[in-house]
Each structure stands twice: as C-alpha cells, then as structure tokens.
Amino acid sequence: NAGVTQTPKFQVLKTGQSMTLQCAQDMNHEYMSWYRQDPGMGLRLIHYSVGAGITDQGEVPNGYNVSRSTTEDFPLRLLSAAPSQTSVYFCASSYEARGSPLHFGNGTRLTVT
Amino acid sequence: DAKTTQPNSMESNEEEPVHLPCNHSTISGTDYIHWYRQLPSQGPEYVIHGLTSNVNNRMASLAIAEDRKSSTLILHRATLRDAAVYYCILRIPNAGNMLTFGGGTRLMVKP
C-alpha cells in the first residue's frame with residue numbers, strides 16, 4: 001500500500017506564482033485534509049474534505065484553494081504565492097476524523113522567495 | 001475550542017519508561033484524545049487514541065484520568081528511535097472533526 005502520496009517533495013516559487021500541491025491516497029478514506037507546519041511550530045489546518053465534492057475551510061485558509069472531485073485526490077492550490085506561505089505542507093486522510101487515526105504523507109517543503 | 005497543554009520538552013534515559021503528560025481541561029464528553037509523534041523531517045505518525053478507558057497498543061499505553069481532563073502517554077522502554085515531538089490533540093469543533101495540533105513535547109532520549 002502506498003498510503004498517502006504527496007508531490008512534489010520540494011518546491012521553490014517566486015512571489016506571485018501559482019502552483020498545485022498534489023495529494024493522493026489509496027485507502028478509500030472519506031476524510032482528507034491539508035496542514036501547514038512552520039518552523040518549530042505545530043500543524044495548522046488549512047482546508048479539509050469529508051467526501052468527494054465537499055470541502056470546507058480550516059484554521060488558516062486564506063491564499064489557498066482546494067477541490068475534491070474524486071475520493072482519492074485532494075489537491076491544494078496556491079493562487080499567488082507569498083513569502084508567508086513558506087512552510088512544510090502535509091496532507092492527511094482518515095475514515096472518519098474523530099475516532100480513526102490520520103494517515104499523513106511525507107510533506108512538501110515549499111519556499112517562496 | 002478545546003485545547004491541550006503539554007510541557008515543551010522532556011528528557012529520558014534509554015530503556016527507561018517515559019510518561020508524557022497532557023492537560024485538556026475543556027474537553028467535551030465525546031472528544032477522543034489522540035496522540036501522534038513526529039520524527040525529524042517526517043510527517044506525523046499515529047501513536048494511540050482513546051475516549052474514556054486506558055488503551056494499550058504495540059507502541060505505547062494511554063492512561064486517561066477519570067474526569068478526562070488529563071491523560072498520559074506511556075512509552076514503556078524508551079529507545080533512541082523514540083526521540084521525537086509528541087502531540088496530544090483533540091478535534092476542532094465545527095471543522096468536520098478535524099484534529100488541531102498544539103506545540104507538542106519534544107522528547108530527548110539519552111543513551
């Protein structure tokens with residue numbers, strides 16, 4: 001089982017550029033989410049989805065868009081990158097969030113110059 | 001929002017038990033208590049979770065206070081590979097039961 005796969009592993013962007021961080025899971029999980037982790041900090045929830053076609057905002061959604069057209073994929077789009085979005089991004093999935101463990105990808109390290 | 005409080009760091013000697021405390025005094029009656037750990041340069045890894053009763057698995061034990069306002073993660077014999085940041089977390093209300101991560105406890109294991 002591949003689990004949760006994130007691509008790319010590393011990315012450098014210039015201010016104002018856009019890009020999409022990819023996340024795919026092969027466990028048929030309904031719930032998927034995106035977190036960001038700034039240096040020395042815990043994870044903060046950006047957006048989440050409780051099923052295909054359903055998304056909602058988390059704690060820090062500004063500057064990011066998501067969509068969920070399939071159960072497997074949950075891409076995160078940066079519309080116009082800013083240096084404040086320099087961070088490590090983690091995607092996670094689970095069957096149902098409250099009682100089931102989250103499975104995390106290995107992260108995408110993004111630098112915006 | 002239900003929040004958790006953990007010490008910033010703890011030290012342990014290799015092969016000794018480690019007790020990592022967590023306070024969650026505003027926990028609601030239906031919140032599960034989750035523990036994750038994060039090794040350097042990796043994504044968080046699930047350790048254990050529970051609701052009311054103490055829980056055991058191959059990685060650790062979770063002791064939950066009777067009033068559920070605190071819990072303790074127990075690593076029975078710390079190894080160097082257990083050096084990580086340990087997060088005690090609850091769900092985010094009104095956010096699809098997603099989990100909110102605080103600062104965690106950095107566990108250092110001395111040989």
# chains A, B, ... in the order shown; residues from 1 in each chain; ligands from 1

$ closest_atom_pairs --of "chain A" --to "chain B" --cutoff "10 Å" --atoms "only C-alpha atoms" --output "JSON lines"
{"residue": "A:Tyr31", "atom": "CA", "partner": "B:Gly96", "partner_atom": "CA", "distance": 8.7}
{"residue": "A:Met32", "atom": "CA", "partner": "B:Met98", "partner_atom": "CA", "distance": 9.2}
{"residue": "A:Ser33", "atom": "CA", "partner": "B:Met98", "partner_atom": "CA", "distance": 8.0}
{"residue": "A:Tyr35", "atom": "CA", "partner": "B:Thr100", "partner_atom": "CA", "distance": 9.6}
{"residue": "A:Gln37", "atom": "CA", "partner": "B:Phe101", "partner_atom": "CA", "distance": 9.9}
{"residue": "A:Gly40", "atom": "CA", "partner": "B:Gly103", "partner_atom": "CA", "distance": 8.2}
{"residue": "A:Met41", "atom": "CA", "partner": "B:Gly103", "partner_atom": "CA", "distance": 5.9}
{"residue": "A:Gly42", "atom": "CA", "partner": "B:Gly103", "partner_atom": "CA", "distance": 4.8}
{"residue": "A:Leu43", "atom": "CA", "partner": "B:Phe101", "partner_atom": "CA", "distance": 5.4}
{"residue": "A:Arg44", "atom": "CA", "partner": "B:Phe101", "partner_atom": "CA", "distance": 6.7}
{"residue": "A:Leu45", "atom": "CA", "partner": "B:Thr100", "partner_atom": "CA", "distance": 7.1}
{"residue": "A:His47", "atom": "CA", "partner": "B:Ala95", "partner_atom": "CA", "distance": 9.3}
{"residue": "A:Tyr48", "atom": "CA", "partner": "B:Met98", "partner_atom": "CA", "distance": 7.8}
{"residue": "A:Ser49", "atom": "CA", "partner": "B:Gly96", "partner_atom": "CA", "distance": 8.0}
{"residue": "A:Val50", "atom": "CA", "partner": "B:Gly96", "partner_atom": "CA", "distance": 6.9}
{"residue": "A:Thr55", "atom": "CA", "partner": "B:Gly96", "partner_atom": "CA", "distance": 9.7}
{"residue": "A:Asp56", "atom": "CA", "partner": "B:Ala95", "partner_atom": "CA", "distance": 7.8}
{"residue": "A:Gln57", "atom": "CA", "partner": "B:Ala95", "partner_atom": "CA", "distance": 7.7}
{"residue": "A:Gly58", "atom": "CA", "partner": "B:Ala95", "partner_atom": "CA", "distance": 6.6}
{"residue": "A:Glu59", "atom": "CA", "partner": "B:Ala95", "partner_atom": "CA", "distance": 8.8}
{"residue": "A:Val88", "atom": "CA", "partner": "B:Gly43", "partner_atom": "CA", "distance": 9.6}
{"residue": "A:Tyr89", "atom": "CA", "partner": "B:Gly43", "partner_atom": "CA", "distance": 9.3}
{"residue": "A:Phe90", "atom": "CA", "partner": "B:Gly43", "partner_atom": "CA", "distance": 6.9}
{"residue": "A:Cys91", "atom": "CA", "partner": "B:Gly43", "partner_atom": "CA", "distance": 8.9}
{"residue": "A:Ala92", "atom": "CA", "partner": "B:Gly43", "partner_atom": "CA", "distance": 9.3}
{"residue": "A:Ser94", "atom": "CA", "partner": "B:Met98", "partner_atom": "CA", "distance": 9.8}
{"residue": "A:Glu96", "atom": "CA", "partner": "B:Asn97", "partner_atom": "CA", "distance": 8.1}
{"residue": "A:Ala97", "atom": "CA", "partner": "B:Asn97", "partner_atom": "CA", "distance": 5.4}
{"residue": "A:Arg98", "atom": "CA", "partner": "B:Asn97", "partner_atom": "CA", "distance": 5.4}
{"residue": "A:Gly99", "atom": "CA", "partner": "B:Tyr32", "partner_atom": "CA", "distance": 6.5}
{"residue": "A:Ser100", "atom": "CA", "partner": "B:His49", "partner_atom": "CA", "distance": 8.5}
{"residue": "A:Pro101", "atom": "CA", "partner": "B:Tyr46", "partner_atom": "CA", "distance": 6.2}
{"residue": "A:Leu102", "atom": "CA", "partner": "B:Tyr46", "partner_atom": "CA", "distance": 6.7}
{"residue": "A:His103", "atom": "CA", "partner": "B:Glu45", "partner_atom": "CA", "distance": 7.2}
{"residue": "A:Phe104", "atom": "CA", "partner": "B:Gly43", "partner_atom": "CA", "distance": 5.9}
{"residue": "A:Gly105", "atom": "CA", "partner": "B:Gly43", "partner_atom": "CA", "distance": 6.1}
{"residue": "A:Asn106", "atom": "CA", "partner": "B:Gly43", "partner_atom": "CA", "distance": 4.9}
{"residue": "A:Gly107", "atom": "CA", "partner": "B:Gly43", "partner_atom": "CA", "distance": 6.2}
{"residue": "A:Thr108", "atom": "CA", "partner": "B:Gly43", "partner_atom": "CA", "distance": 9.9}
{"residue": "A:Arg109", "atom": "CA", "partner": "B:Ser41", "partner_atom": "CA", "distance": 9.8}

$ residues_around --residues "Leu39 of chain B" --least-positions-apart "6" --cutoff "9 Å" --atoms "only C-alpha atoms" --output "JSON, numbers by chain"
{"B": [45, 81, 82, 83, 84, 85, 86]}

$ residues_around --residues "Ala65 of chain B" --least-positions-apart "2" --cutoff "10 Å" --atoms "only C-alpha atoms" --output "ChimeraX atom specification"
/B:23,52-54,62-63,67-72

$ write_last_selection --atoms "N, CA, C and O atoms" --output "mmCIF file, in the first residue's frame"
data_model
loop_
_atom_site.group_PDB
_atom_site.id
_atom_site.type_symbol
_atom_site.label_atom_id
_atom_site.label_comp_id
_atom_site.auth_asym_id
_atom_site.auth_seq_id
_atom_site.Cartn_x
_atom_site.Cartn_y
_atom_site.Cartn_z
ATOM 1 N N ASN B 23 -2.692 18.059 29.515
ATOM 2 C CA ASN B 23 -3.897 18.587 30.152
ATOM 3 C C ASN B 23 -4.879 19.040 29.092
ATOM 4 O O ASN B 23 -4.505 19.703 28.120
ATOM 5 N N THR B 52 -12.357 7.000 26.988
ATOM 6 C CA THR B 52 -12.517 7.028 28.440
ATOM 7 C C THR B 52 -11.593 6.033 29.133
ATOM 8 O O THR B 52 -10.998 6.329 30.157
ATOM 9 N N SER B 53 -11.475 4.858 28.554
ATOM 10 C CA SER B 53 -10.691 3.812 29.218
ATOM 11 C C SER B 53 -9.230 3.886 28.796
ATOM 12 O O SER B 53 -8.900 4.409 27.741
ATOM 13 N N ASN B 54 -8.369 3.341 29.639
ATOM 14 C CA ASN B 54 -6.957 3.242 29.263
ATOM 15 C C ASN B 54 -6.815 2.322 28.058
ATOM 16 O O ASN B 54 -7.594 1.384 27.867
ATOM 17 N N LEU B 62 -1.966 4.497 26.871
ATOM 18 C CA LEU B 62 -2.595 5.781 27.135
ATOM 19 C C LEU B 62 -3.416 5.653 28.401
ATOM 20 O O LEU B 62 -4.334 4.812 28.468
ATOM 21 N N ALA B 63 -3.060 6.468 29.400
ATOM 22 C CA ALA B 63 -3.809 6.492 30.653
ATOM 23 C C ALA B 63 -4.637 7.760 30.685
ATOM 24 O O ALA B 63 -4.097 8.871 30.555
ATOM 25 N N ASP B 67 -11.764 11.973 35.243
ATOM 26 C CA ASP B 67 -12.547 13.138 34.822
ATOM 27 C C ASP B 67 -12.221 13.570 33.394
ATOM 28 O O ASP B 67 -12.782 14.545 32.898
ATOM 29 N N ARG B 68 -11.322 12.872 32.744
ATOM 30 C CA ARG B 68 -10.898 13.094 31.352
ATOM 31 C C ARG B 68 -10.256 14.450 31.132
ATOM 32 O O ARG B 68 -10.050 14.864 29.995
ATOM 33 N N LYS B 69 -9.871 15.139 32.163
ATOM 34 C CA LYS B 69 -9.251 16.452 31.986
ATOM 35 C C LYS B 69 -7.744 16.335 31.755
ATOM 36 O O LYS B 69 -7.067 17.339 31.509
ATOM 37 N N SER B 70 -7.205 15.158 31.842
ATOM 38 C CA SER B 70 -5.790 14.975 31.555
ATOM 39 C C SER B 70 -5.561 13.538 31.094
ATOM 40 O O SER B 70 -6.398 12.654 31.322
ATOM 41 N N SER B 71 -4.422 13.346 30.445
ATOM 42 C CA SER B 71 -4.038 11.998 30.023
ATOM 43 C C SER B 71 -2.517 11.907 30.020
ATOM 44 O O SER B 71 -1.819 12.939 30.069
ATOM 45 N N THR B 72 -2.020 10.687 29.978
ATOM 46 C CA THR B 72 -0.580 10.452 29.977
ATOM 47 C C THR B 72 -0.251 9.386 28.952
ATOM 48 O O THR B 72 -0.856 8.298 28.958
#

$ select_by_dssp --residues "chain B" --states "strand (DSSP E or B)" --output "ChimeraX atom specification"
/B:5,9-13,18-23,33-38,45-50,55-56,61-64,70-75,84-91,99-100,105-110

$ write_last_selection --atoms "N, CA and C atoms" --output "short mmCIF file (atom, residue, chain, number, x, y, z; two decimals), in the first residue's frame"
data_model
loop_
_atom_site.label_atom_id
_atom_site.label_comp_id
_atom_site.auth_asym_id
_atom_site.auth_seq_id
_atom_site.Cartn_x
_atom_site.Cartn_y
_atom_site.Cartn_z
N THR B 5 -2.54 21.23 26.76
CA THR B 5 -1.33 21.82 27.30
C THR B 5 -0.34 20.72 27.58
N SER B 9 9.38 20.29 26.58
CA SER B 9 10.38 19.25 26.35
C SER B 9 10.51 18.37 27.56
N MET B 10 10.99 17.15 27.32
CA MET B 10 11.29 16.20 28.39
C MET B 10 12.50 15.39 27.98
N GLU B 11 13.19 14.89 28.99
CA GLU B 11 14.35 14.03 28.74
C GLU B 11 14.13 12.68 29.38
N SER B 12 14.69 11.67 28.75
CA SER B 12 14.60 10.33 29.31
C SER B 12 15.89 9.59 29.03
N ASN B 13 16.18 8.59 29.84
CA ASN B 13 17.29 7.70 29.56
C ASN B 13 16.79 6.52 28.76
N VAL B 18 8.85 6.28 30.01
CA VAL B 18 8.62 7.72 29.85
C VAL B 18 7.13 7.99 30.01
N HIS B 19 6.81 9.00 30.80
CA HIS B 19 5.42 9.41 30.98
C HIS B 19 5.26 10.84 30.44
N LEU B 20 4.51 10.98 29.38
CA LEU B 20 4.31 12.28 28.75
C LEU B 20 2.92 12.79 29.13
N PRO B 21 2.84 13.89 29.88
CA PRO B 21 1.53 14.36 30.35
C PRO B 21 0.86 15.32 29.37
N CYS B 22 -0.46 15.39 29.48
CA CYS B 22 -1.24 16.32 28.66
C CYS B 22 -2.47 16.77 29.47
N ASN B 23 -2.69 18.06 29.52
CA ASN B 23 -3.90 18.59 30.15
C ASN B 23 -4.88 19.04 29.09
N ILE B 33 -9.15 11.50 22.60
CA ILE B 33 -7.81 12.05 22.85
C ILE B 33 -6.86 11.28 21.94
N HIS B 34 -6.20 12.02 21.06
CA HIS B 34 -5.28 11.41 20.10
C HIS B 34 -3.85 11.78 20.46
N TRP B 35 -2.93 10.87 20.21
CA TRP B 35 -1.50 11.14 20.33
C TRP B 35 -0.82 10.78 19.02
N TYR B 36 -0.01 11.71 18.56
CA TYR B 36 0.82 11.50 17.38
C TYR B 36 2.25 11.86 17.73
N ARG B 37 3.18 11.37 16.95
CA ARG B 37 4.55 11.81 17.12
C ARG B 37 5.13 12.15 15.76
N GLN B 38 6.12 13.02 15.79
CA GLN B 38 6.76 13.46 14.55
C GLN B 38 8.26 13.37 14.71
N GLU B 45 3.02 10.76 12.86
CA GLU B 45 2.72 9.33 12.86
C GLU B 45 1.76 9.04 14.01
N TYR B 46 0.70 8.32 13.72
CA TYR B 46 -0.27 7.97 14.76
C TYR B 46 0.37 7.09 15.82
N VAL B 47 0.08 7.40 17.10
CA VAL B 47 0.58 6.56 18.19
C VAL B 47 -0.56 5.79 18.84
N ILE B 48 -1.57 6.53 19.32
CA ILE B 48 -2.64 5.88 20.07
C ILE B 48 -3.78 6.87 20.25
N HIS B 49 -4.99 6.38 20.50
CA HIS B 49 -6.07 7.28 20.87
C HIS B 49 -7.05 6.56 21.78
N GLY B 50 -7.83 7.34 22.54
CA GLY B 50 -8.81 6.74 23.45
C GLY B 50 -9.89 7.72 23.81
N VAL B 55 -5.83 2.62 27.23
CA VAL B 55 -5.65 1.90 25.97
C VAL B 55 -4.19 1.45 25.86
N ASN B 56 -4.00 0.29 25.28
CA ASN B 56 -2.65 -0.21 25.03
C ASN B 56 -2.53 -0.63 23.58
N SER B 61 1.09 3.04 25.77
CA SER B 61 -0.15 2.97 26.54
C SER B 61 -0.65 4.38 26.76
N LEU B 62 -1.97 4.50 26.87
CA LEU B 62 -2.60 5.78 27.13
C LEU B 62 -3.42 5.65 28.40
N ALA B 63 -3.06 6.47 29.40
CA ALA B 63 -3.81 6.49 30.65
C ALA B 63 -4.64 7.76 30.69
N ILE B 64 -5.95 7.61 30.83
CA ILE B 64 -6.87 8.75 30.81
C ILE B 64 -7.43 8.93 32.22
N SER B 70 -7.20 15.16 31.84
CA SER B 70 -5.79 14.97 31.56
C SER B 70 -5.56 13.54 31.09
N SER B 71 -4.42 13.35 30.44
CA SER B 71 -4.04 12.00 30.02
C SER B 71 -2.52 11.91 30.02
N THR B 72 -2.02 10.69 29.98
CA THR B 72 -0.58 10.45 29.98
C THR B 72 -0.25 9.39 28.95
N LEU B 73 0.67 9.70 28.08
CA LEU B 73 1.20 8.72 27.15
C LEU B 73 2.39 8.03 27.80
N ILE B 74 2.38 6.72 27.79
CA ILE B 74 3.44 5.96 28.45
C ILE B 74 4.20 5.16 27.40
N LEU B 75 5.49 5.44 27.28
CA LEU B 75 6.39 4.60 26.49
C LEU B 75 7.10 3.71 27.50
N ALA B 84 11.44 12.35 19.49
CA ALA B 84 10.51 12.95 18.54
C ALA B 84 9.72 14.03 19.27
N VAL B 85 8.88 14.72 18.52
CA VAL B 85 7.90 15.63 19.14
C VAL B 85 6.59 14.87 19.26
N TYR B 86 6.03 14.83 20.46
CA TYR B 86 4.80 14.10 20.73
C TYR B 86 3.65 15.10 20.91
N TYR B 87 2.60 14.89 20.13
CA TYR B 87 1.45 15.79 20.15
C TYR B 87 0.25 15.09 20.78
N CYS B 88 -0.36 15.77 21.73
CA CYS B 88 -1.63 15.35 22.32
C CYS B 88 -2.68 16.26 21.72
N ILE B 89 -3.67 15.73 21.02
CA ILE B 89 -4.56 16.59 20.26
C ILE B 89 -6.01 16.16 20.36
N LEU B 90 -6.87 17.13 20.15
CA LEU B 90 -8.32 16.93 20.16
C LEU B 90 -8.88 17.41 18.83
N ARG B 91 -10.16 17.18 18.62
CA ARG B 91 -10.75 17.62 17.37
C ARG B 91 -11.02 19.12 17.39
N LEU B 99 -8.47 17.38 13.43
CA LEU B 99 -7.65 17.46 14.63
C LEU B 99 -6.83 18.74 14.65
N THR B 100 -6.69 19.32 15.82
CA THR B 100 -5.87 20.52 15.98
C THR B 100 -4.61 20.17 16.75
N THR B 105 5.37 18.06 22.83
CA THR B 105 6.51 17.86 23.74
C THR B 105 7.66 17.24 22.97
N ARG B 106 8.80 17.90 23.01
CA ARG B 106 9.98 17.32 22.37
C ARG B 106 10.64 16.37 23.36
N LEU B 107 10.66 15.10 23.02
CA LEU B 107 11.27 14.09 23.87
C LEU B 107 12.69 13.82 23.41
N MET B 108 13.62 13.99 24.34
CA MET B 108 15.02 13.66 24.06
C MET B 108 15.37 12.40 24.84
N VAL B 109 16.00 11.46 24.19
CA VAL B 109 16.37 10.19 24.81
C VAL B 109 17.89 10.09 24.84
N LYS B 110 18.41 9.92 26.06
CA LYS B 110 19.86 9.86 26.24
C LYS B 110 20.32 8.42 26.31
#

$ atom_distance --atom1 "atom CA of Ser69 of chain A" --atom2 "atom CA of Lys9 of chain A"
22.9 Å

$ closest_residue --among "A:Ile46, A:Val112, A:Ile54, A:Ala24" --to "Asp73 of chain A" --atoms "only C-alpha atoms"
A:Ala24

$ closest_residue --among "A:Arg77, A:Arg36, A:Glu30, A:Glu72" --to "Thr5 of chain A" --atoms "only C-alpha atoms"
A:Glu72

$ decode --residues "segment 59-82 of chain A" --atoms "N, CA and C atoms" --output "PDB file, in the first residue's frame"
ATOM      1  N   GLU A  59      -8.374  26.348   9.806  1.00  0.00           N
ATOM      2  CA  GLU A  59      -7.942  27.484  10.632  1.00  0.00           C
ATOM      3  C   GLU A  59      -7.259  28.586   9.829  1.00  0.00           C
ATOM      4  N   VAL A  60      -6.529  28.229   8.776  1.00  0.00           N
ATOM      5  CA  VAL A  60      -5.733  29.209   8.023  1.00  0.00           C
ATOM      6  C   VAL A  60      -5.951  29.040   6.523  1.00  0.00           C
ATOM      7  N   PRO A  61      -7.157  29.312   6.000  1.00  0.00           N
ATOM      8  CA  PRO A  61      -7.454  29.010   4.592  1.00  0.00           C
ATOM      9  C   PRO A  61      -7.047  30.076   3.586  1.00  0.00           C
ATOM     10  N   ASN A  62      -6.734  31.286   4.033  1.00  0.00           N
ATOM     11  CA  ASN A  62      -6.516  32.393   3.092  1.00  0.00           C
ATOM     12  C   ASN A  62      -5.311  32.135   2.207  1.00  0.00           C
ATOM     13  N   GLY A  63      -5.521  32.346   0.887  1.00  0.00           N
ATOM     14  CA  GLY A  63      -4.449  32.163  -0.080  1.00  0.00           C
ATOM     15  C   GLY A  63      -4.400  30.775  -0.689  1.00  0.00           C
ATOM     16  N   TYR A  64      -5.316  29.897  -0.271  1.00  0.00           N
ATOM     17  CA  TYR A  64      -5.325  28.511  -0.740  1.00  0.00           C
ATOM     18  C   TYR A  64      -6.721  28.120  -1.238  1.00  0.00           C
ATOM     19  N   ASN A  65      -6.742  27.294  -2.272  1.00  0.00           N
ATOM     20  CA  ASN A  65      -7.993  26.712  -2.755  1.00  0.00           C
ATOM     21  C   ASN A  65      -7.853  25.209  -2.817  1.00  0.00           C
ATOM     22  N   VAL A  66      -8.972  24.513  -2.644  1.00  0.00           N
ATOM     23  CA  VAL A  66      -8.978  23.056  -2.771  1.00  0.00           C
ATOM     24  C   VAL A  66     -10.203  22.627  -3.555  1.00  0.00           C
ATOM     25  N   SER A  67     -10.147  21.416  -4.063  1.00  0.00           N
ATOM     26  CA  SER A  67     -11.300  20.775  -4.684  1.00  0.00           C
ATOM     27  C   SER A  67     -11.178  19.280  -4.423  1.00  0.00           C
ATOM     28  N   ARG A  68     -12.272  18.563  -4.501  1.00  0.00           N
ATOM     29  CA  ARG A  68     -12.250  17.112  -4.263  1.00  0.00           C
ATOM     30  C   ARG A  68     -13.208  16.464  -5.270  1.00  0.00           C
ATOM     31  N   SER A  69     -12.683  16.209  -6.447  1.00  0.00           N
ATOM     32  CA  SER A  69     -13.533  15.612  -7.486  1.00  0.00           C
ATOM     33  C   SER A  69     -13.579  14.092  -7.384  1.00  0.00           C
ATOM     34  N   THR A  70     -12.587  13.484  -6.746  1.00  0.00           N
ATOM     35  CA  THR A  70     -12.572  12.034  -6.551  1.00  0.00           C
ATOM     36  C   THR A  70     -12.264  11.735  -5.085  1.00  0.00           C
ATOM     37  N   THR A  71     -12.556  10.508  -4.663  1.00  0.00           N
ATOM     38  CA  THR A  71     -12.223  10.111  -3.294  1.00  0.00           C
ATOM     39  C   THR A  71     -10.713  10.104  -3.075  1.00  0.00           C
ATOM     40  N   GLU A  72      -9.962   9.764  -4.128  1.00  0.00           N
ATOM     41  CA  GLU A  72      -8.527   9.540  -3.971  1.00  0.00           C
ATOM     42  C   GLU A  72      -7.702  10.815  -3.900  1.00  0.00           C
ATOM     43  N   ASP A  73      -8.116  11.881  -4.575  1.00  0.00           N
ATOM     44  CA  ASP A  73      -7.249  13.045  -4.769  1.00  0.00           C
ATOM     45  C   ASP A  73      -7.775  14.298  -4.074  1.00  0.00           C
ATOM     46  N   PHE A  74      -6.851  15.075  -3.533  1.00  0.00           N
ATOM     47  CA  PHE A  74      -7.230  16.309  -2.828  1.00  0.00           C
ATOM     48  C   PHE A  74      -6.119  17.341  -3.052  1.00  0.00           C
ATOM     49  N   PRO A  75      -6.089  17.996  -4.210  1.00  0.00           N
ATOM     50  CA  PRO A  75      -5.018  18.955  -4.495  1.00  0.00           C
ATOM     51  C   PRO A  75      -5.212  20.279  -3.764  1.00  0.00           C
ATOM     52  N   LEU A  76      -4.099  20.914  -3.441  1.00  0.00           N
ATOM     53  CA  LEU A  76      -4.094  22.220  -2.778  1.00  0.00           C
ATOM     54  C   LEU A  76      -3.466  23.224  -3.730  1.00  0.00           C
ATOM     55  N   ARG A  77      -4.204  24.288  -4.029  1.00  0.00           N
ATOM     56  CA  ARG A  77      -3.714  25.296  -4.976  1.00  0.00           C
ATOM     57  C   ARG A  77      -3.326  26.577  -4.259  1.00  0.00           C
ATOM     58  N   LEU A  78      -2.134  27.047  -4.577  1.00  0.00           N
ATOM     59  CA  LEU A  78      -1.709  28.376  -4.132  1.00  0.00           C
ATOM     60  C   LEU A  78      -1.947  29.322  -5.297  1.00  0.00           C
ATOM     61  N   LEU A  79      -2.771  30.317  -5.084  1.00  0.00           N
ATOM     62  CA  LEU A  79      -3.214  31.160  -6.183  1.00  0.00           C
ATOM     63  C   LEU A  79      -2.155  32.187  -6.582  1.00  0.00           C
ATOM     64  N   SER A  80      -1.519  32.804  -5.598  1.00  0.00           N
ATOM     65  CA  SER A  80      -0.494  33.818  -5.830  1.00  0.00           C
ATOM     66  C   SER A  80       0.449  33.747  -4.634  1.00  0.00           C
ATOM     67  N   ALA A  81       1.533  33.007  -4.816  1.00  0.00           N
ATOM     68  CA  ALA A  81       2.392  32.669  -3.679  1.00  0.00           C
ATOM     69  C   ALA A  81       2.980  33.920  -3.023  1.00  0.00           C
ATOM     70  N   ALA A  82       3.074  33.845  -1.688  1.00  0.00           N
ATOM     71  CA  ALA A  82       3.660  34.910  -0.886  1.00  0.00           C
ATOM     72  C   ALA A  82       4.715  34.313   0.036  1.00  0.00           C
TER      73      ALA A  82
END
